[in-house]
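Okay, final_31.txt is below, compact mmCIF, C-alpha atoms:
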# COMPACT_ATOMS: atom_id res chain seq x y z
CA MET C 17 -27.04 11.65 14.44
CA ALA C 18 -26.33 8.59 12.33
CA ASP C 19 -25.75 5.33 14.16
CA LEU C 20 -22.33 3.88 13.28
CA LYS C 21 -22.73 0.72 15.37
CA ASN C 22 -21.48 -2.31 13.47
CA ASP C 23 -22.45 -5.98 13.65
CA PHE C 24 -20.09 -7.97 11.49
CA ILE C 25 -20.78 -11.74 11.52
CA GLY C 26 -22.00 -11.36 15.10
CA ILE C 27 -18.94 -9.36 16.21
CA LYS C 28 -20.20 -6.05 17.56
CA SER C 29 -18.27 -2.79 17.66
CA PRO C 30 -19.23 0.87 18.15
CA ASN C 31 -18.19 1.74 14.59
CA PRO C 32 -17.02 -0.08 11.43
CA PHE C 33 -13.43 1.17 11.68
CA TRP C 34 -10.99 -1.58 12.72
CA LEU C 35 -7.23 -1.71 12.73
CA ALA C 36 -5.75 -4.37 10.47
CA SER C 37 -3.32 -7.03 11.62
CA ALA C 38 0.01 -5.19 11.47
CA PRO C 39 2.58 -3.39 13.68
CA PRO C 40 -0.10 -1.05 15.17
CA THR C 41 -1.83 -4.10 16.72
CA ASP C 42 1.27 -5.95 17.89
CA LYS C 43 0.90 -5.31 21.62
CA ALA C 44 -1.52 -4.26 24.33
CA TYR C 45 0.07 -0.81 24.65
CA ASN C 46 -0.81 0.01 21.03
CA VAL C 47 -4.28 -1.53 21.10
CA GLU C 48 -5.30 0.21 24.34
CA ARG C 49 -4.28 3.57 22.89
CA ALA C 50 -6.16 2.80 19.68
CA PHE C 51 -9.33 2.06 21.62
CA GLU C 52 -8.89 5.24 23.64
CA ALA C 53 -8.74 7.15 20.35
CA GLY C 54 -12.03 5.59 19.24
CA TRP C 55 -11.28 2.62 17.00
CA GLY C 56 -14.13 0.13 16.94
CA GLY C 57 -12.00 -2.98 16.76
CA VAL C 58 -8.61 -4.50 16.00
CA VAL C 59 -7.21 -7.57 14.35
CA TRP C 60 -4.25 -8.51 16.53
CA LYS C 61 -0.96 -8.90 14.67
CA THR C 62 -0.56 -12.43 13.37
CA LEU C 63 0.34 -15.10 15.92
CA GLY C 64 2.36 -18.20 15.10
CA GLU C 65 3.08 -21.48 16.83
CA ALA C 66 4.40 -21.77 20.36
CA GLY C 67 8.17 -22.19 20.64
CA PRO C 68 11.06 -20.01 19.49
CA PRO C 69 9.67 -16.67 18.27
CA VAL C 70 9.97 -15.44 14.73
CA VAL C 71 13.12 -13.36 14.18
CA ASN C 72 12.75 -10.12 12.22
CA VAL C 73 15.61 -8.16 10.68
CA ASN C 74 17.17 -5.43 12.83
CA GLY C 75 17.60 -3.13 9.87
CA PRO C 76 15.26 -1.30 7.52
CA ARG C 77 11.89 -3.04 7.25
CA TYR C 78 9.96 -0.43 5.29
CA GLY C 79 10.28 1.23 1.93
CA ALA C 80 8.12 4.06 0.64
CA TRP C 81 6.95 5.70 -2.56
CA HIS C 82 6.08 9.40 -2.26
CA ASP C 83 4.38 11.84 -4.59
CA GLY C 84 5.98 15.17 -5.47
CA ASN C 85 4.79 16.72 -2.21
CA ARG C 86 6.34 13.98 -0.08
CA ARG C 87 2.94 12.47 0.61
CA LEU C 88 3.21 8.74 1.27
CA MET C 89 1.44 6.92 -1.56
CA GLY C 90 2.81 3.40 -1.26
CA PHE C 91 4.41 1.44 1.54
CA ASN C 92 6.49 -1.71 1.26
CA ASN C 93 7.45 -3.89 4.19
CA ILE C 94 9.61 -6.97 4.74
CA GLU C 95 8.44 -7.51 8.31
CA LEU C 96 7.23 -10.94 9.39
CA ILE C 97 4.44 -11.95 11.78
CA THR C 98 4.79 -11.11 15.48
CA ASP C 99 8.22 -11.74 16.98
CA ARG C 100 6.78 -11.70 20.50
CA SER C 101 6.08 -15.03 22.18
CA LEU C 102 2.70 -16.69 21.84
CA GLU C 103 2.27 -16.75 25.62
CA VAL C 104 2.82 -13.00 25.98
CA ASN C 105 0.45 -12.19 23.15
CA LEU C 106 -2.29 -14.44 24.50
CA ALA C 107 -2.02 -12.91 27.97
CA GLU C 108 -2.25 -9.39 26.57
CA ILE C 109 -5.22 -10.24 24.33
CA THR C 110 -7.03 -11.64 27.36
CA GLN C 111 -6.45 -8.49 29.38
CA VAL C 112 -7.35 -6.09 26.55
CA LYS C 113 -10.64 -7.85 25.91
CA LYS C 114 -11.50 -7.67 29.62
CA ASN C 115 -10.68 -3.96 29.67
CA TRP C 116 -12.64 -3.19 26.50
CA PRO C 117 -15.62 -5.57 26.28
CA ASP C 118 -17.47 -3.32 23.80
CA ARG C 119 -14.67 -3.38 21.22
CA ALA C 120 -14.00 -6.06 18.63
CA VAL C 121 -10.83 -8.08 19.21
CA VAL C 122 -10.07 -10.53 16.42
CA VAL C 123 -6.86 -12.57 16.42
CA SER C 124 -4.90 -13.22 13.23
CA ILE C 125 -3.26 -16.65 13.02
CA MET C 126 -0.69 -18.23 10.72
CA VAL C 127 0.66 -21.72 11.36
CA PRO C 128 1.86 -24.55 9.07
CA CYS C 129 -0.72 -26.01 6.73
CA ASP C 130 -1.51 -29.15 8.69
CA GLU C 131 -4.54 -29.88 10.85
CA ARG C 132 -2.51 -30.59 13.99
CA SER C 133 -0.99 -27.11 14.06
CA TRP C 134 -4.34 -25.38 13.68
CA LYS C 135 -6.04 -27.68 16.17
CA SER C 136 -3.34 -26.87 18.74
CA ILE C 137 -3.47 -23.09 18.59
CA LEU C 138 -7.22 -22.52 18.20
CA PRO C 139 -8.23 -23.41 21.80
CA LEU C 140 -5.49 -21.14 23.16
CA VAL C 141 -6.88 -18.21 21.20
CA GLU C 142 -10.45 -19.01 22.16
CA GLU C 143 -9.53 -18.95 25.86
CA THR C 144 -8.54 -15.28 25.58
CA GLY C 145 -12.16 -14.24 25.09
CA ALA C 146 -11.40 -12.92 21.61
CA ASP C 147 -14.38 -12.30 19.35
CA GLY C 148 -13.08 -14.11 16.29
CA ILE C 149 -10.09 -15.33 14.33
CA GLU C 150 -8.62 -14.22 11.02
CA LEU C 151 -6.66 -16.76 9.00
CA ASN C 152 -3.68 -15.02 7.41
CA PHE C 153 -3.47 -16.47 3.91
CA GLY C 154 -2.09 -13.31 2.40
CA CYS C 155 1.43 -12.46 3.55
CA PRO C 156 3.58 -12.55 0.37
CA HIS C 157 7.07 -12.55 1.87
CA GLY C 158 9.12 -14.44 4.41
CA MET C 159 6.34 -16.72 5.62
CA SER C 160 5.20 -17.74 2.13
CA GLU C 161 8.65 -19.21 1.52
CA ARG C 162 7.91 -21.44 4.53
CA GLY C 163 4.67 -22.75 3.02
CA MET C 164 2.36 -20.34 4.85
CA GLY C 165 0.66 -17.02 4.09
CA ALA C 166 0.21 -16.44 0.36
CA ALA C 167 1.51 -19.93 -0.38
CA VAL C 168 -1.77 -21.18 1.09
CA GLY C 169 -3.93 -18.33 -0.17
CA GLN C 170 -2.94 -18.95 -3.78
CA VAL C 171 -4.37 -22.49 -3.67
CA PRO C 172 -8.17 -22.40 -3.26
CA GLU C 173 -8.28 -26.02 -2.15
CA TYR C 174 -5.94 -25.23 0.76
CA VAL C 175 -7.99 -22.17 1.68
CA GLY C 176 -11.17 -24.21 1.94
CA MET C 177 -9.44 -27.05 3.75
CA VAL C 178 -7.97 -24.89 6.51
CA ALA C 179 -11.20 -22.92 6.90
CA GLU C 180 -13.00 -26.22 7.45
CA TRP C 181 -10.46 -27.30 10.09
CA CYS C 182 -10.91 -24.04 11.97
CA LYS C 183 -14.69 -24.32 11.96
CA GLN C 184 -14.38 -27.87 13.27
CA HIS C 185 -11.95 -27.05 16.07
CA SER C 186 -13.21 -23.63 17.20
CA SER C 187 -16.54 -22.04 17.95
CA LEU C 188 -15.29 -18.55 17.06
CA PRO C 189 -16.30 -16.77 13.85
CA VAL C 190 -13.71 -17.36 11.12
CA ILE C 191 -12.52 -14.63 8.74
CA VAL C 192 -10.24 -15.70 5.89
CA LYS C 193 -7.74 -13.02 4.80
CA LEU C 194 -7.14 -13.33 1.07
CA THR C 195 -4.01 -12.63 -0.94
CA PRO C 196 -4.27 -10.28 -3.94
CA ASN C 197 -1.34 -12.12 -5.54
CA ILE C 198 -3.63 -14.28 -7.62
CA THR C 199 -5.30 -14.08 -11.02
CA ASP C 200 -8.95 -14.47 -9.97
CA ILE C 201 -9.80 -13.37 -6.43
CA ARG C 202 -13.20 -15.05 -6.65
CA GLN C 203 -11.70 -18.55 -6.55
CA PRO C 204 -10.19 -18.45 -3.02
CA ALA C 205 -13.21 -16.48 -1.78
CA ARG C 206 -15.56 -19.19 -3.02
CA ALA C 207 -13.34 -21.86 -1.45
CA ALA C 208 -13.28 -20.03 1.89
CA PHE C 209 -17.07 -19.88 2.12
CA LYS C 210 -17.44 -23.48 0.94
CA GLY C 211 -15.09 -24.45 3.76
CA GLY C 212 -17.42 -22.80 6.23
CA ALA C 213 -15.74 -19.41 6.73
CA ASP C 214 -18.02 -16.72 8.10
CA ALA C 215 -16.34 -13.91 6.15
CA VAL C 216 -13.37 -12.96 4.02
CA SER C 217 -11.08 -9.96 4.41
CA LEU C 218 -9.03 -8.38 1.64
CA ILE C 219 -6.69 -7.29 0.34
CA ASN C 220 -3.49 -8.33 2.02
CA THR C 221 -0.30 -6.75 0.70
CA ILE C 222 0.80 -7.01 -2.93
CA ASN C 223 4.10 -8.70 -3.69
CA SER C 224 6.55 -6.00 -4.71
CA ILE C 225 9.96 -4.40 -4.87
CA ILE C 226 9.38 -0.71 -4.28
CA GLY C 227 12.61 0.55 -5.79
CA VAL C 228 16.33 0.06 -6.31
CA ASP C 229 19.11 1.92 -4.52
CA LEU C 230 21.34 2.77 -7.48
CA ASP C 231 24.34 3.41 -5.23
CA ALA C 232 24.13 0.12 -3.36
CA MET C 233 22.68 -1.64 -6.45
CA ALA C 234 20.20 -3.45 -4.21
CA PRO C 235 16.44 -3.39 -3.70
CA ALA C 236 15.15 -0.85 -1.20
CA PRO C 237 14.97 -1.31 1.70
CA HIS C 238 18.12 -3.40 1.97
CA VAL C 239 19.86 -4.99 4.92
CA ASP C 240 23.65 -5.19 4.77
CA GLY C 241 23.56 -4.74 0.99
CA LYS C 242 20.83 -7.29 0.23
CA GLY C 243 17.11 -6.73 -0.29
CA SER C 244 14.02 -8.87 -0.72
CA HIS C 245 10.54 -8.67 -2.17
CA GLY C 246 7.96 -7.42 0.30
CA GLY C 247 4.32 -6.48 0.76
CA TYR C 248 2.94 -3.31 -0.86
CA CYS C 249 0.12 -1.30 0.71
CA GLY C 250 -1.06 2.28 1.21
CA PRO C 251 -3.22 4.71 -0.82
CA ALA C 252 -1.81 3.46 -4.13
CA VAL C 253 -3.39 0.00 -3.71
CA LYS C 254 -6.91 1.28 -3.07
CA PRO C 255 -8.11 0.92 -6.71
CA ILE C 256 -6.93 -2.71 -6.78
CA ALA C 257 -8.62 -3.43 -3.47
CA LEU C 258 -11.88 -1.80 -4.55
CA SER C 259 -11.97 -3.94 -7.68
CA MET C 260 -11.28 -7.18 -5.83
CA VAL C 261 -13.90 -6.44 -3.16
CA SER C 262 -16.46 -5.69 -5.88
CA GLU C 263 -15.67 -8.94 -7.71
CA ILE C 264 -16.51 -10.96 -4.61
CA ALA C 265 -19.54 -8.83 -3.75
CA ARG C 266 -21.14 -9.31 -7.18
CA ASP C 267 -20.11 -12.93 -7.78
CA LYS C 268 -23.22 -15.12 -7.78
CA GLU C 269 -21.50 -17.70 -5.55
CA THR C 270 -20.44 -15.18 -2.89
CA TYR C 271 -23.10 -12.50 -3.36
CA ARG C 272 -24.02 -10.80 -0.06
CA LYS C 273 -21.40 -12.79 1.83
CA PRO C 274 -19.63 -10.80 4.59
CA ILE C 275 -16.50 -8.91 3.53
CA SER C 276 -14.05 -6.92 5.65
CA ALA C 277 -12.27 -4.48 3.33
CA ILE C 278 -8.60 -3.53 3.51
CA GLY C 279 -6.39 -1.50 1.20
CA GLY C 280 -5.46 2.18 1.12
CA ILE C 281 -8.21 3.40 3.43
CA GLN C 282 -7.31 6.80 4.92
CA THR C 283 -10.59 8.72 5.23
CA TRP C 284 -14.27 8.19 5.92
CA ARG C 285 -14.89 8.56 2.19
CA ASP C 286 -12.50 5.69 1.40
CA ALA C 287 -14.35 3.55 3.93
CA ALA C 288 -17.76 4.51 2.53
CA GLU C 289 -16.65 3.55 -0.98
CA PHE C 290 -15.63 0.06 0.13
CA MET C 291 -18.84 -0.35 2.11
CA ALA C 292 -20.94 0.80 -0.85
CA LEU C 293 -19.23 -2.01 -2.80
CA GLY C 294 -20.34 -4.61 -0.27
CA ALA C 295 -17.91 -4.47 2.67
CA GLY C 296 -19.48 -4.84 6.10
CA ASN C 297 -16.61 -2.96 7.74
CA VAL C 298 -13.08 -1.79 6.99
CA GLN C 299 -9.58 -2.37 8.35
CA VAL C 300 -6.85 0.31 8.35
CA CYS C 301 -3.08 0.06 8.71
CA THR C 302 -0.84 2.33 6.60
CA ALA C 303 -2.82 5.49 7.34
CA VAL C 304 -2.38 4.92 11.07
CA MET C 305 1.33 4.23 10.63
CA THR C 306 1.53 7.54 8.77
CA TYR C 307 -0.74 9.82 10.81
CA GLY C 308 -1.41 8.08 14.12
CA PHE C 309 -4.44 6.60 15.88
CA LYS C 310 -6.42 9.85 16.11
CA ILE C 311 -7.36 9.85 12.43
CA VAL C 312 -10.32 7.72 13.48
CA GLU C 313 -11.92 10.83 15.00
CA GLU C 314 -12.20 12.42 11.55
CA MET C 315 -13.39 9.13 10.07
CA ILE C 316 -16.19 8.84 12.63
CA ASP C 317 -17.21 12.49 12.31
CA GLY C 318 -17.02 12.52 8.52
CA MET C 319 -19.08 9.36 8.02
CA SER C 320 -21.67 10.50 10.58
CA ARG C 321 -22.13 13.84 8.83
CA TRP C 322 -22.32 12.24 5.39
CA MET C 323 -24.89 9.68 6.57
CA ASP C 324 -27.00 12.46 8.11
CA GLU C 325 -26.82 14.41 4.85
CA LYS C 326 -27.87 11.39 2.80
CA GLY C 327 -30.54 10.24 5.25
CA TYR C 328 -28.86 6.96 6.18
CA ASN C 329 -29.70 5.96 9.75
CA THR C 330 -27.29 3.01 10.03
CA VAL C 331 -24.34 1.75 8.02
CA ASP C 332 -26.49 -1.16 6.82
CA ASP C 333 -28.56 1.36 4.88
CA PHE C 334 -25.81 1.91 2.30
CA ILE C 335 -23.67 -1.24 2.47
CA GLY C 336 -23.67 -2.83 -0.99
CA MET C 337 -25.69 -0.08 -2.69
CA ALA C 338 -23.14 0.34 -5.50
CA VAL C 339 -22.81 -3.36 -6.27
CA PRO C 340 -25.65 -3.55 -8.86
CA ASN C 341 -23.95 -0.76 -10.81
CA VAL C 342 -20.72 -2.72 -11.26
CA VAL C 343 -21.20 -4.52 -14.57
CA ASN C 344 -19.16 -6.20 -17.26
CA TRP C 345 -18.07 -3.91 -20.11
CA GLU C 346 -20.60 -5.31 -22.59
CA HIS C 347 -23.45 -4.02 -20.42
CA LEU C 348 -22.37 -0.37 -20.60
CA ASN C 349 -24.73 2.00 -22.43
CA LEU C 350 -23.13 2.87 -25.76
CA ASN C 351 -25.83 5.46 -26.41
CA TYR C 352 -24.51 7.62 -23.59
CA ILE C 353 -22.58 10.55 -25.10
CA ALA C 354 -20.49 13.09 -23.18
CA LYS C 355 -18.12 15.83 -24.35
CA ALA C 356 -15.41 17.79 -22.57
CA LYS C 357 -15.95 21.50 -21.89
CA ILE C 358 -13.22 23.98 -20.89
CA ASN C 359 -14.09 26.90 -18.62
CA GLN C 360 -12.30 29.83 -20.22
CA GLU C 361 -12.53 31.91 -17.04
CA THR C 362 -10.55 29.44 -14.92
CA CYS C 363 -8.22 28.14 -17.67
CA ILE C 364 -4.60 29.13 -16.93
CA LYS C 365 -3.43 28.48 -20.52
CA CYS C 366 -0.89 25.83 -19.48
CA GLY C 367 -1.70 23.71 -22.53
CA ARG C 368 -1.53 20.34 -20.77
CA CYS C 369 -4.95 19.34 -22.06
CA HIS C 370 -3.95 20.12 -25.65
CA ILE C 371 -0.64 18.26 -25.40
CA ALA C 372 -2.25 15.16 -23.91
CA CYS C 373 -5.08 15.12 -26.43
CA GLU C 374 -2.90 16.01 -29.44
CA ASP C 375 -0.09 13.55 -28.73
CA THR C 376 -1.92 10.60 -27.21
CA SER C 377 -5.64 10.87 -27.75
CA HIS C 378 -8.02 12.22 -30.42
CA GLN C 379 -6.71 15.65 -31.44
CA ALA C 380 -9.92 17.29 -30.23
CA ILE C 381 -8.55 20.45 -28.52
CA THR C 382 -7.50 23.61 -30.31
CA SER C 383 -4.40 25.46 -29.10
CA SER C 384 -4.77 29.02 -30.37
CA LEU C 385 -7.19 31.74 -31.40
CA ASN C 386 -6.06 34.79 -33.36
CA GLY C 387 -2.47 33.89 -32.63
CA GLU C 388 -3.00 33.72 -28.84
CA PRO C 389 -3.06 30.58 -26.62
CA HIS C 390 -6.65 29.40 -26.47
CA TYR C 391 -7.84 25.89 -25.64
CA GLU C 392 -11.25 24.70 -26.71
CA VAL C 393 -12.80 21.32 -27.43
CA ARG C 394 -14.09 20.41 -30.87
CA ASP C 395 -17.21 18.33 -30.28
CA GLU C 396 -16.92 16.52 -33.59
CA ASP C 397 -13.56 15.02 -32.56
CA CYS C 398 -14.12 14.55 -28.80
CA VAL C 399 -14.93 11.01 -27.67
CA GLY C 400 -15.45 11.93 -24.01
CA CYS C 401 -12.46 9.90 -22.86
CA ASN C 402 -11.87 12.21 -19.84
CA LEU C 403 -8.08 12.39 -20.31
CA CYS C 404 -8.05 16.19 -20.43
CA VAL C 405 -10.10 16.37 -17.22
CA ASN C 406 -7.57 14.22 -15.43
CA VAL C 407 -4.42 16.02 -16.59
CA CYS C 408 -5.73 19.55 -16.01
CA PRO C 409 -4.08 21.09 -12.92
CA VAL C 410 -7.11 23.31 -12.15
CA LYS C 411 -9.98 21.53 -10.40
CA ASP C 412 -13.24 21.65 -12.35
CA CYS C 413 -11.75 23.79 -15.13
CA ILE C 414 -12.51 20.99 -17.58
CA THR C 415 -15.72 19.02 -17.12
CA LEU C 416 -17.39 16.19 -18.98
CA GLU C 417 -20.97 17.08 -19.91
CA GLN C 418 -23.63 14.69 -21.13
CA MET C 419 -25.32 15.44 -24.44
CA THR C 420 -29.05 14.96 -24.09
CA GLU C 421 -30.35 14.69 -27.66
CA GLY C 422 -29.40 14.14 -31.25
CA LYS C 423 -26.42 12.13 -32.48
CA ASP C 424 -22.75 11.92 -31.60
CA PRO C 425 -21.21 14.33 -34.15
CA ARG C 426 -18.14 12.09 -34.55
CA THR C 427 -19.77 8.69 -35.02
CA GLY C 428 -23.36 9.44 -35.88
CA ILE C 429 -24.53 7.04 -33.17
CA PRO C 430 -27.93 8.07 -31.76
CA ILE C 431 -27.70 9.33 -28.20
CA SER C 432 -30.92 7.50 -27.41
CA GLY C 433 -32.44 4.53 -29.15
CA GLU C 434 -32.51 0.76 -29.33
CA TYR C 435 -28.74 0.07 -29.14
CA ALA C 436 -28.27 0.15 -25.38
CA ASN C 437 -25.15 -1.97 -25.11
CA TRP C 438 -22.43 -3.70 -27.07
CA THR C 439 -24.28 -6.99 -27.40
CA THR C 440 -26.87 -5.33 -29.67
CA HIS C 441 -24.83 -2.48 -31.14
CA PRO C 442 -24.47 -2.45 -34.95
CA ASN C 443 -20.70 -1.84 -34.67
CA ASN C 444 -20.34 -5.20 -32.95
CA PRO C 445 -19.12 -7.64 -35.64
CA ASN C 446 -21.12 -10.44 -34.01
CA VAL C 447 -24.41 -8.60 -34.68
CA LYS C 448 -25.83 -9.69 -38.02

Let's see the structure in the file written out as structure tokens.
Amino acid sequence: MADLKNDFIGIKSPNPFWLASAPPTDKAYNVERAFEAGWGGVVWKTLGEAGPPVVNVNGPRYGAWHDGNRRLMGFNNIELITDRSLEVNLAEITQVKKNWPDRAVVVSIMVPCDERSWKSILPLVEETGADGIELNFGCPHGMSERGMGAAVGQVPEYVGMVAEWCKQHSSLPVIVKLTPNITDIRQPARAAFKGGADAVSLINTINSIIGVDLDAMAPAPHVDGKGSHGGYCGPAVKPIALSMVSEIARDKETYRKPISAIGGIQTWRDAAEFMALGAGNVQVCTAVMTYGFKIVEEMIDGMSRWMDEKGYNTVDDFIGMAVPNVVNWEHLNLNYIAKAKINQETCIKCGRCHIACEDTSHQAITSSLNGEPHYEVRDEDCVGCNLCVNVCPVKDCITLEQMTEGKDPRTGIPISGEYANWTTHPNNPNVK
């Protein structure tokens, strides 16, 4: 069997599946049950300063976007960091780590952006026996209005500065949690590592309003008729998270630096995709809030079986393997030609492929034969855009097949030859 043991910046866990800092990691009761289910580690829900606890709303905190089958695709929350006292949290972290010495326990922290505040809380966290700290520079609502969370994460200089303070005042490994609410995710990542951070984690939630209640005329969810922007997560954010993780993984200044991936992870396959793009482990939240702690059993079993099938002995064998294949557009092979093919035996004659291609693409699909509905691709008009494949309701009815010789019948471009990418292609106006 494949070995799923994980060593992330010196923090060891029996598998790479951690719970992200969120409601599922807010108390010992939750964390103990998570470990019993098989989770390899947790990032404890974000702690704040000692003193009066944070006050959350006692009304709706979550909003959701569902697909047509009521499957949860996106999740929006207006919840703040932990509203339990610092003393209670620290005591519970201490006990959980004693009870589960083989599991990773990382503590998320968010305090005001001054050195005194960080210097005060770091020793208290270190005394718990926790394995590391995660600096929450991502929360886009509530705390950001107070100069914390995303308000720090959006300023690379602040990210590096606080990371440096934490490395000075604590011996624990430091993970910096990045906000996706920024134009170039590479900038805060570079700053974090320059400040001495051992790793970055991403993505935190995306600033959002998930919908509007047209009866109350207020954002959803709303409390007593008023709503606020919140943090968006769930399966729908996975493509954004994959892109941002890949940007850090392939950036020359952060190449091969440790990354903990977060964002829409529900299955072992989701986790494997992030790890192939350079993540050393993954953190999960929304999927657990939807399906419960036991989903980790399928994640462990699925990844183990896949690794055995592929011949990977440890997770390190495939971490980062996809990174070299993420390139800028100009390095794509313009000699590669593919055409869509429709399987007439499985086609249900719905016509969606024809409508999509005829109205919005390249008019490459016929709609009738001898007066009867019949859908077939004309190679001379098909550009291999893949739209028909994606709109077809029958899996594998339409496929994209590579042409292996000759020329593209539409453009006349050789399928093989000297023009491998846009920088040398004769259609590029910059090529003399």

Closest to C:Asn22 among C:Ser384, C:Ser276, C:Thr362, C:Gln418, using only C-alpha atoms?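 Looking only at the distances to C:Asn22, the closest residue turns out to be C:Ser276.
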
I'd like the contact shell of stretch 114-122 of chain C - 12 Å cut-off, all atoms listed in the file, skipping same-chain residues fewer than 3 positions apart - returned as a PyMOL selection string. chain C and resi 21-37+41+44+47-52+54-63+106-111+125+141-142+144-152+188-192+297+299

Report as AutoDock Vina command-line options the centre and the edge lengths, in Å to one decimal, of the axis-aligned box holding every listed atom of stretch 299-315 of chain C, padded by 6 Å on each side.
--center_x -5.9 --center_y 5.0 --center_z 11.4 --size_x 26.9 --size_y 26.8 --size_z 21.5

Pick the closest to C:Gly367 from C:Ile201, C:Cys404, C:Met291, C:Ala38: which is it, counting all atoms listed in the file? C:Cys404

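Proximity to C:Gln360 was assessed for C:Ile97, C:Val410, C:Val399, C:Val312 counting all atoms listed in the file; the smallest distance is recorded for C:Val410.
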
Pick from C:Val407, C:Val178, C:Leu258, C:Cys369: nearest to C:Glu392, with all atoms listed in the file counted? C:Cys369
